[in-house]
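Asks: Questions regarding the structure given below will be posed in turn.
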Amino acid sequence: MDPRHEIPRRAAGFSGGSVAESPAAAQSRRRKAPPRPADYKLQVIIIGSRGVGKTSLMERFTDDTFCEACKSTVGVDFKIKTVELRGKKIRLQIWDTAGQERFNSITSAYYRGAKGIVIVYDITKQETFEDLPKWMKMIDKYASEDAELLLVGNKLDCETDRIISRQQAERFASRISGMRFCEASAKDNFNVDEIFLKLVDDILSKMPLEVTNKDLSNSILSLQPEPEVPPELPPPRLRCC
Amino acid sequence: MDNEDRSAPSDDRSALVSEDGKNAKSVLCQRCGSKVLCPGMAQFAEKELFLPSMRKKTSISEPGGTMEGDTLTAHWLVDDMYTFENVGFTKDVGKVKYLICADCEIGPIGWHCLDDKKSFYVALERVHHA
């Protein structure tokens with residue numbers, strides 16, 4: 001009855017002298033040290049064609065309440081999630097682009113600030129794999145060059161219907177420098193936590209130690225409505241396969 | 001504003017709000033226990049806000065019409081969304097984004113208006129404290 005996810009979290013009030021303490025946190029110190037503020041803030045986006053399971057992956061990441069019927073009707077815009085890794089407390093701002101699967105309907109702002117990009121396809125659906133080069137074009141065009149890329153073949157629970165072999169996807173990933181690949185099942189919760197933590201770990205590896213909380217927060221999307229300027233699709237001749 | 005004047009409507013209110021007006025306990029999702037706020041991270045604030053019912057998930061998106069819900073006045077207020085441990089934001093409903101549990105997506109548990117970038121409210125009645 002308690003499906004609470006067990007990402008290890010450091011107890012509140014852990015460290016007095018943490019890296020970047022906000023003024024608010026400093027003010028709140030009275031009898032005891034305030035909860036440690038996050039050390040890092042990272043933006044992660046999840047992209048991929050319709051129906052590949054992007055939202056399920058986002059939900060699965062920190063919870064065990066996957067339900068096949070619970071397709072979100074309200075429309076979740078993004079989530080703040082906290083993970084602990086390497087003794088650091090990291091706040092992830094996770095954007096699920098579900099409902100915006102037409103490549104040109106995701107605004108460039110989503111890509112721009114992303115430190116991590118999860119590209120999802122469905123191992124049982126050829127077309128979702130064939131769409132990958134188009135997603136890559138968008139990443140090339142809009143995302144920061146040092147954004148970590150993770151290719152995820154989802155729906156591993158549907159192994160019997162598999163169309164895309166692991167090798168095929170590995171080959172695709174190997175052609176793109178720095179792209180990691182794995183398969184997962186949001187339904188069975190296979191590999192889901194791992195892929196996100198791996199992604200965050202890769203991002204942290206690239207972080208200069210002296211980068212402060214404040215600097216990083218500049219890369220975070222604000223809640224202000226983005227001007228809806230759909231990015232142009234790159235001309236077809238650029239397609240690589 | 002003045003904590004001295006706050007006549008606690010219930011005894012448990014004083015157990016939840018610390019001397020300096022902050023949340024004495026962790027703020028958790030009522031359904032799945034996901035941690036929304038660490039102790040001491042939010043300010044107690046009173047503001048009349050209408051939150052659609054937690055029962056009918058679809059009611060938020062219904063255009064116009066009568067919406068079931070409650071007008072709630074006791075909230076935890078934070079000025080930065082990164083203060084939250086875990087929280088989800090719905091898509092815009094007018095100028096409002098509702099806050100939901102990041103894990104099980106129950107909600108709305110809170111309220112944010114796009115006009116005030118520094119105010120994020122979580123209704124005390126819609127969360128657990130521990």
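In the structure tokens, the first chain shown is A, the next is B, and so on; residue numbers restart at 1 for each chain, and ligands run from 1 in the order shown.
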Write out as a ChimeraX atom specification every residue belonging to chain B that has an atom at most 9 Å from any atom of chain A, counting only C-alpha atoms.
Replies: /B:20,22,31-34,38-41,57-61,81-92,97,100-105,114-115,117
Asks: Would you list the contacts of range 165-172 of chain A as a PDB file with C-alpha atoms, in the first residue's frame, taking every protein, DNA or RNA residue within 10 Å and counting only C-alpha atoms, but skipping same-chain residues closer than 6 positions in sequence?
Replies:
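Result written to result.pdb:
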ATOM      1  CA  TYR A 121      11.299   4.687 -29.218  1.00  0.00           C
ATOM      2  CA  ILE A 123      10.945  -1.677 -29.739  1.00  0.00           C
ATOM      3  CA  THR A 124       7.741  -3.060 -31.231  1.00  0.00           C
ATOM      4  CA  PHE A 129      12.680   3.895 -34.605  1.00  0.00           C
ATOM      5  CA  LEU A 132      14.973   8.849 -34.633  1.00  0.00           C
ATOM      6  CA  PRO A 133      17.006  10.703 -37.274  1.00  0.00           C
ATOM      7  CA  LEU A 151      18.429   6.503 -26.400  1.00  0.00           C
ATOM      8  CA  VAL A 152      15.811   4.325 -24.756  1.00  0.00           C
ATOM      9  CA  GLY A 153      14.101   1.390 -26.414  1.00  0.00           C
ATOM     10  CA  MET A 179      24.962   8.743 -27.027  1.00  0.00           C
ATOM     11  CA  ARG A 180      24.108   6.036 -24.570  1.00  0.00           C
ATOM     12  CA  PHE A 181      21.646   3.331 -25.291  1.00  0.00           C
ATOM     13  CA  CYS A 182      19.551   1.024 -23.216  1.00  0.00           C
ATOM     14  CA  GLU A 183      16.280  -0.801 -23.281  1.00  0.00           C
TER      15      GLU A 183
END
Asks: Hey, can you check how far CA of Thr55 in chain A sits from CA of Asp80 in chain B?
Replies: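 That distance, rounded to one decimal, is 24.6 Å.
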Asks: As a PyMOL selection string, please: every residue in chain B that DSSP puts in strand (DSSP E).
Replies: chain B and resi 27-29+35-37+43-52+69-78+87-90+96-100+110-113+120-123+127-129
Asks: Interatomic distance between CA of Lys95 in chain B and CA of Gly51 in chain A?
Replies: 28.9 Å
